[in-house]
>>> print(open('target09.pdb').read())   # PDB, C-alpha atoms
MODEL        1
ATOM      1  CA  ALA H   1       0.000   0.000   0.000  1.00  0.00           C
ATOM      2  CA  VAL H   2       2.856   2.387   0.843  1.00  0.00           C
ATOM      3  CA  PHE H   3       4.496   1.591  -2.489  1.00  0.00           C
ATOM      4  CA  VAL H   4       1.330   2.525  -4.416  1.00  0.00           C
ATOM      5  CA  LEU H   5       0.568   5.591  -2.249  1.00  0.00           C
ATOM      6  CA  THR H   6       4.060   7.026  -2.767  1.00  0.00           C
ATOM      7  CA  GLY H   7       3.698   6.865  -6.524  1.00  0.00           C
ATOM      8  CA  MET H   8       5.641   3.632  -7.103  1.00  0.00           C
ATOM      9  CA  PRO H   9       9.122   5.155  -6.710  1.00  0.00           C
ATOM     10  CA  LEU H  10      11.095   2.072  -7.832  1.00  0.00           C
ATOM     11  CA  SER H  11      12.578   1.936 -11.285  1.00  0.00           C
ATOM     12  CA  TRP H  12      15.216  -0.051 -13.162  1.00  0.00           C
ATOM     13  CA  ASP H  13      18.584   1.607 -13.569  1.00  0.00           C
ATOM     14  CA  MET H  14      20.180  -0.150 -16.509  1.00  0.00           C
ATOM     15  CA  PRO H  15      23.930   0.331 -17.022  1.00  0.00           C
ATOM     16  CA  THR H  16      24.804   2.240 -20.190  1.00  0.00           C
ATOM     17  CA  LEU H  17      28.147   2.579 -21.903  1.00  0.00           C
ATOM     18  CA  GLN H  18      29.361   6.168 -21.663  1.00  0.00           C
ATOM     19  CA  GLY H  19      32.800   6.625 -23.117  1.00  0.00           C
ATOM     20  CA  PHE H  20      35.062   3.856 -21.833  1.00  0.00           C
ATOM     21  CA  ASN H  21      33.029   3.051 -18.715  1.00  0.00           C
ATOM     22  CA  PHE H  22      29.543   1.932 -17.775  1.00  0.00           C
ATOM     23  CA  ALA H  23      27.343   4.388 -15.888  1.00  0.00           C
ATOM     24  CA  GLY H  24      24.265   3.519 -13.854  1.00  0.00           C
ATOM     25  CA  GLY H  25      23.079   0.146 -12.728  1.00  0.00           C
ATOM     26  CA  THR H  26      24.357  -1.664  -9.704  1.00  0.00           C
ATOM     27  CA  SER H  27      26.770  -4.468  -9.015  1.00  0.00           C
ATOM     28  CA  VAL H  28      26.953  -7.360  -6.610  1.00  0.00           C
ATOM     29  CA  PRO H  29      30.272  -7.821  -4.795  1.00  0.00           C
ATOM     30  CA  PRO H  30      31.819 -11.207  -5.682  1.00  0.00           C
ATOM     31  CA  ALA H  31      32.310 -12.069  -2.006  1.00  0.00           C
ATOM     32  CA  PHE H  32      28.598 -11.534  -1.319  1.00  0.00           C
ATOM     33  CA  LEU H  33      27.648 -13.611  -4.354  1.00  0.00           C
ATOM     34  CA  ALA H  34      29.958 -16.428  -3.203  1.00  0.00           C
ATOM     35  CA  LEU H  35      28.441 -16.267   0.289  1.00  0.00           C
ATOM     36  CA  LEU H  36      24.890 -16.260  -1.042  1.00  0.00           C
ATOM     37  CA  VAL H  37      25.427 -19.179  -3.416  1.00  0.00           C
ATOM     38  CA  SER H  38      27.402 -21.321  -0.986  1.00  0.00           C
ATOM     39  CA  LEU H  39      25.075 -20.834   1.996  1.00  0.00           C
ATOM     40  CA  SER H  40      21.991 -21.297  -0.200  1.00  0.00           C
ATOM     41  CA  ILE H  41      23.200 -24.553  -1.713  1.00  0.00           C
ATOM     42  CA  TYR H  42      24.480 -25.965   1.581  1.00  0.00           C
ATOM     43  CA  HIS H  43      21.396 -25.152   3.640  1.00  0.00           C
ATOM     44  CA  ALA H  44      18.961 -26.027   0.836  1.00  0.00           C
ATOM     45  CA  ALA H  45      20.512 -29.495   0.686  1.00  0.00           C
ATOM     46  CA  GLN H  46      20.275 -29.905   4.457  1.00  0.00           C
ATOM     47  CA  ILE H  47      16.643 -28.759   4.554  1.00  0.00           C
ATOM     48  CA  ALA H  48      15.727 -30.928   1.552  1.00  0.00           C
ATOM     49  CA  GLU H  49      17.160 -33.962   3.321  1.00  0.00           C
ATOM     50  CA  ALA H  50      15.124 -33.210   6.463  1.00  0.00           C
ATOM     51  CA  VAL H  51      11.938 -32.855   4.391  1.00  0.00           C
ATOM     52  CA  ARG H  52      12.705 -36.031   2.416  1.00  0.00           C
ATOM     53  CA  ALA H  53      13.273 -37.996   5.604  1.00  0.00           C
ATOM     54  CA  GLY H  54      10.035 -36.663   7.085  1.00  0.00           C
ATOM     55  CA  ILE H  55       8.029 -37.627   4.003  1.00  0.00           C
ATOM     56  CA  LEU H  56       9.575 -41.096   3.924  1.00  0.00           C
ATOM     57  CA  SER H  57       8.700 -41.559   7.609  1.00  0.00           C
ATOM     58  CA  VAL H  58       4.996 -41.698   6.696  1.00  0.00           C
ATOM     59  CA  ASN H  59       3.851 -45.296   6.320  1.00  0.00           C
ATOM     60  CA  LYS H  60       3.230 -46.372   2.718  1.00  0.00           C
ATOM     61  CA  GLY H  61      -0.090 -47.800   3.827  1.00  0.00           C
ATOM     62  CA  GLN H  62      -1.343 -44.237   4.299  1.00  0.00           C
ATOM     63  CA  ASN H  63      -0.598 -43.501   0.647  1.00  0.00           C
ATOM     64  CA  GLU H  64      -2.271 -46.708  -0.498  1.00  0.00           C
ATOM     65  CA  ALA H  65      -5.339 -46.031   1.643  1.00  0.00           C
ATOM     66  CA  ALA H  66      -5.676 -42.539   0.182  1.00  0.00           C
ATOM     67  CA  LEU H  67      -5.338 -43.955  -3.354  1.00  0.00           C
ATOM     68  CA  SER H  68      -8.017 -46.535  -2.599  1.00  0.00           C
ATOM     69  CA  ILE H  69     -10.575 -43.871  -1.709  1.00  0.00           C
ATOM     70  CA  GLY H  70      -9.879 -42.069  -4.980  1.00  0.00           C
ATOM     71  CA  LEU H  71      -7.647 -39.133  -4.011  1.00  0.00           C
ATOM     72  CA  LYS H  72      -5.357 -37.732  -6.690  1.00  0.00           C
ATOM     73  CA  PRO H  73      -1.586 -37.958  -6.001  1.00  0.00           C
ATOM     74  CA  SER H  74      -1.271 -34.197  -5.472  1.00  0.00           C
ATOM     75  CA  ARG H  75      -4.136 -34.238  -2.948  1.00  0.00           C
ATOM     76  CA  ILE H  76      -2.603 -37.253  -1.196  1.00  0.00           C
ATOM     77  CA  MET H  77       0.615 -35.332  -0.650  1.00  0.00           C
ATOM     78  CA  ALA H  78      -1.205 -32.206   0.570  1.00  0.00           C
ATOM     79  CA  MET H  79      -3.892 -33.842   2.713  1.00  0.00           C
ATOM     80  CA  VAL H  80      -2.343 -37.080   3.967  1.00  0.00           C
ATOM     81  CA  VAL H  81       1.448 -37.236   3.731  1.00  0.00           C
ATOM     82  CA  ILE H  82       2.577 -33.692   4.609  1.00  0.00           C
ATOM     83  CA  PRO H  83       0.350 -33.313   7.725  1.00  0.00           C
ATOM     84  CA  GLN H  84       1.724 -36.601   9.063  1.00  0.00           C
ATOM     85  CA  ALA H  85       5.304 -35.761   8.100  1.00  0.00           C
ATOM     86  CA  MET H  86       5.406 -32.307   9.726  1.00  0.00           C
ATOM     87  CA  PRO H  87       6.068 -33.617  13.265  1.00  0.00           C
ATOM     88  CA  ALA H  88       9.182 -35.333  11.897  1.00  0.00           C
ATOM     89  CA  ILE H  89      10.237 -32.399   9.697  1.00  0.00           C
ATOM     90  CA  VAL H  90       9.993 -29.434  12.076  1.00  0.00           C
ATOM     91  CA  PRO H  91      12.527 -30.398  14.820  1.00  0.00           C
ATOM     92  CA  PRO H  92      15.486 -30.723  12.409  1.00  0.00           C
ATOM     93  CA  LEU H  93      14.437 -27.491  10.723  1.00  0.00           C
ATOM     94  CA  ILE H  94      14.672 -25.615  14.017  1.00  0.00           C
ATOM     95  CA  SER H  95      18.354 -26.411  14.375  1.00  0.00           C
ATOM     96  CA  GLN H  96      18.901 -25.876  10.635  1.00  0.00           C
ATOM     97  CA  TRP H  97      17.571 -22.300  10.763  1.00  0.00           C
ATOM     98  CA  MET H  98      19.781 -21.542  13.747  1.00  0.00           C
ATOM     99  CA  ASN H  99      22.740 -22.989  11.842  1.00  0.00           C
ATOM    100  CA  THR H 100      21.905 -20.712   8.921  1.00  0.00           C
ATOM    101  CA  VAL H 101      22.212 -17.645  11.148  1.00  0.00           C
ATOM    102  CA  LYS H 102      25.420 -18.856  12.755  1.00  0.00           C
ATOM    103  CA  ASN H 103      27.008 -19.952   9.477  1.00  0.00           C
ATOM    104  CA  SER H 104      26.458 -16.508   7.995  1.00  0.00           C
ATOM    105  CA  SER H 105      29.193 -15.283  10.348  1.00  0.00           C
ATOM    106  CA  LEU H 106      31.650 -17.423   8.356  1.00  0.00           C
ATOM    107  CA  ALA H 107      31.439 -14.742   5.675  1.00  0.00           C
ATOM    108  CA  ILE H 108      34.583 -13.199   7.126  1.00  0.00           C
ATOM    109  CA  ALA H 109      36.520 -16.187   5.791  1.00  0.00           C
ATOM    110  CA  ILE H 110      35.797 -15.102   2.203  1.00  0.00           C
ATOM    111  CA  GLY H 111      36.322 -11.421   2.826  1.00  0.00           C
ATOM    112  CA  TYR H 112      32.702 -10.291   3.164  1.00  0.00           C
ATOM    113  CA  ALA H 113      32.168  -8.346   6.352  1.00  0.00           C
ATOM    114  CA  ASP H 114      28.847  -9.210   7.982  1.00  0.00           C
ATOM    115  CA  ILE H 115      27.059  -7.084  10.569  1.00  0.00           C
ATOM    116  CA  VAL H 116      28.763  -8.626  13.586  1.00  0.00           C
ATOM    117  CA  SER H 117      32.262  -8.394  12.146  1.00  0.00           C
ATOM    118  CA  LEU H 118      31.717  -4.757  11.211  1.00  0.00           C
ATOM    119  CA  PHE H 119      30.416  -4.043  14.697  1.00  0.00           C
ATOM    120  CA  MET H 120      33.255  -5.868  16.438  1.00  0.00           C
ATOM    121  CA  GLN H 121      36.102  -4.555  14.287  1.00  0.00           C
ATOM    122  CA  THR H 122      34.937  -0.949  14.117  1.00  0.00           C
ATOM    123  CA  THR H 123      34.079  -0.655  17.785  1.00  0.00           C
ATOM    124  CA  LEU H 124      37.184  -2.537  18.907  1.00  0.00           C
ATOM    125  CA  ASN H 125      39.386  -0.187  16.886  1.00  0.00           C
ATOM    126  CA  GLN H 126      37.562   2.835  18.303  1.00  0.00           C
ATOM    127  CA  ILE H 127      37.337   2.028  22.015  1.00  0.00           C
ATOM    128  CA  GLY H 128      39.326  -1.199  22.575  1.00  0.00           C
ATOM    129  CA  HIS H 129      37.050  -2.947  25.090  1.00  0.00           C
ATOM    130  CA  ALA H 130      37.385  -6.480  23.733  1.00  0.00           C
ATOM    131  CA  VAL H 131      35.662  -8.391  26.553  1.00  0.00           C
ATOM    132  CA  GLU H 132      32.585  -6.172  26.479  1.00  0.00           C
ATOM    133  CA  LEU H 133      32.367  -6.374  22.677  1.00  0.00           C
ATOM    134  CA  VAL H 134      32.625 -10.150  22.625  1.00  0.00           C
ATOM    135  CA  GLY H 135      29.937 -10.279  25.319  1.00  0.00           C
ATOM    136  CA  MET H 136      27.655  -8.037  23.269  1.00  0.00           C
ATOM    137  CA  THR H 137      28.261 -10.161  20.173  1.00  0.00           C
ATOM    138  CA  MET H 138      27.477 -13.321  22.108  1.00  0.00           C
ATOM    139  CA  ALA H 139      24.310 -11.673  23.438  1.00  0.00           C
ATOM    140  CA  PHE H 140      23.316 -10.749  19.862  1.00  0.00           C
ATOM    141  CA  TYR H 141      23.705 -14.349  18.648  1.00  0.00           C
ATOM    142  CA  MET H 142      21.956 -15.652  21.752  1.00  0.00           C
ATOM    143  CA  PHE H 143      19.002 -13.302  21.178  1.00  0.00           C
ATOM    144  CA  ILE H 144      18.689 -14.292  17.518  1.00  0.00           C
ATOM    145  CA  SER H 145      19.041 -18.023  18.292  1.00  0.00           C
ATOM    146  CA  LEU H 146      16.552 -17.942  21.167  1.00  0.00           C
ATOM    147  CA  SER H 147      14.062 -15.959  19.062  1.00  0.00           C
ATOM    148  CA  ILE H 148      14.249 -18.443  16.188  1.00  0.00           C
ATOM    149  CA  SER H 149      14.119 -21.401  18.562  1.00  0.00           C
ATOM    150  CA  GLY H 150      11.179 -19.985  20.524  1.00  0.00           C
ATOM    151  CA  LEU H 151       9.065 -19.176  17.478  1.00  0.00           C
ATOM    152  CA  LEU H 152       9.749 -22.502  15.795  1.00  0.00           C
ATOM    153  CA  ASN H 153       9.085 -24.421  19.023  1.00  0.00           C
ATOM    154  CA  ILE H 154       5.671 -22.731  19.217  1.00  0.00           C
ATOM    155  CA  TYR H 155       5.035 -23.864  15.651  1.00  0.00           C
ATOM    156  CA  ASN H 156       6.367 -27.327  16.494  1.00  0.00           C
ATOM    157  CA  LYS H 157       3.827 -27.679  19.306  1.00  0.00           C
ATOM    158  CA  ARG H 158       1.048 -26.788  16.881  1.00  0.00           C
ATOM    159  CA  VAL H 159       1.996 -29.486  14.355  1.00  0.00           C
ATOM    160  CA  GLN H 160       2.726 -32.287  16.846  1.00  0.00           C
ATOM    161  CA  LEU H 161       0.247 -35.142  16.877  1.00  0.00           C
ATOM    162  CA  VAL H 162      -2.032 -35.222  19.892  1.00  0.00           C
ATOM    163  CA  GLU H 163      -2.749 -38.653  21.283  1.00  0.00           C
ATOM    164  CA  ARG H 164      -6.270 -39.432  22.365  1.00  0.00           C
TER     165      ARG H 164
ENDMDL
END
>>> encode(input="target09.pdb", output="structure tokens")
Amino acid sequence: AVFVLTGMPLSWDMPTLQGFNFAGGTSVPPAFLALLVSLSIYHAAQIAEAVRAGILSVNKGQNEAALSIGLKPSRIMAMVVIPQAMPAIVPPLISQWMNTVKNSSLAIAIGYADIVSLFMQTTLNQIGHAVELVGMTMAFYMFISLSISGLLNIYNKRVQLVER
């Protein structure tokens, strides 16, 4: 709504050749691109394996029973398999999302300064209180990890099977 009310201020800025250089446009730093691709592929593979394992944990008899009552394969997946697989899928995903946040700090290894490294290096060079800065950085990661864990544990309780 804000985008429409402000007159849709976004536009494409295509690079154009002016003289011997390009003007306009934007670029993506190679270190950021390497970080994005590597973390995306690594964590996508981990999450895909958790989802695959959860789907395979559903008994094949459930699939056969759904086929016998005339459900289409796409409806079987949506209405039978996925609801039963979610209790097995969500717990590994909780730790995987926390790993995603923590692994993003490895960006320093490829020369891309993330938020925490910028904070620690800049502030440490300015004031030199290393113990306090490391404590604040640990508190930042603890806050992010506990927030992710808390929200996903609430969701986990909602998808867990309730015994009668």
>>> atom_distance(input="target09.pdb", atom1="atom CA of H:Ser145", atom2="atom CA of H:Ser95")
9.3 Å
>>> atom_distance(input="target09.pdb", atom1="atom CA of H:Ile55", atom2="atom CA of H:Gln160")
14.9 Å
>>> atom_distance(input="target09.pdb", atom1="atom CA of H:Gly54", atom2="atom CA of H:Trp97")
16.6 Å
>>> residues_around(input="target09.pdb", residues="stretch 73-84 of chain H", least_positions_apart="2", cutoff="12 Å", atoms="only C-alpha atoms", output="ChimeraX atom specification")
/H:51-71,86-90,158-162
>>> residues_around(input="target09.pdb", residues="stretch 22-36 of chain H", least_positions_apart="2", cutoff="9 Å", atoms="all atoms listed in the file", output="list in words")
Trp12, Asp13, Met14, Pro15, Thr16, Leu17, Gln18, Gly19, Phe20, Ser38, Leu39, Ser40, Ile41, Ser104, Leu106, Ala107, Ile110, Gly111 and Tyr112 of chain H
>>> closest_residue(input="target09.pdb", among="H:Phe140, H:Phe119, H:Tyr42, H:Phe3", to="H:Asn99", atoms="all atoms listed in the file")
H:Tyr42
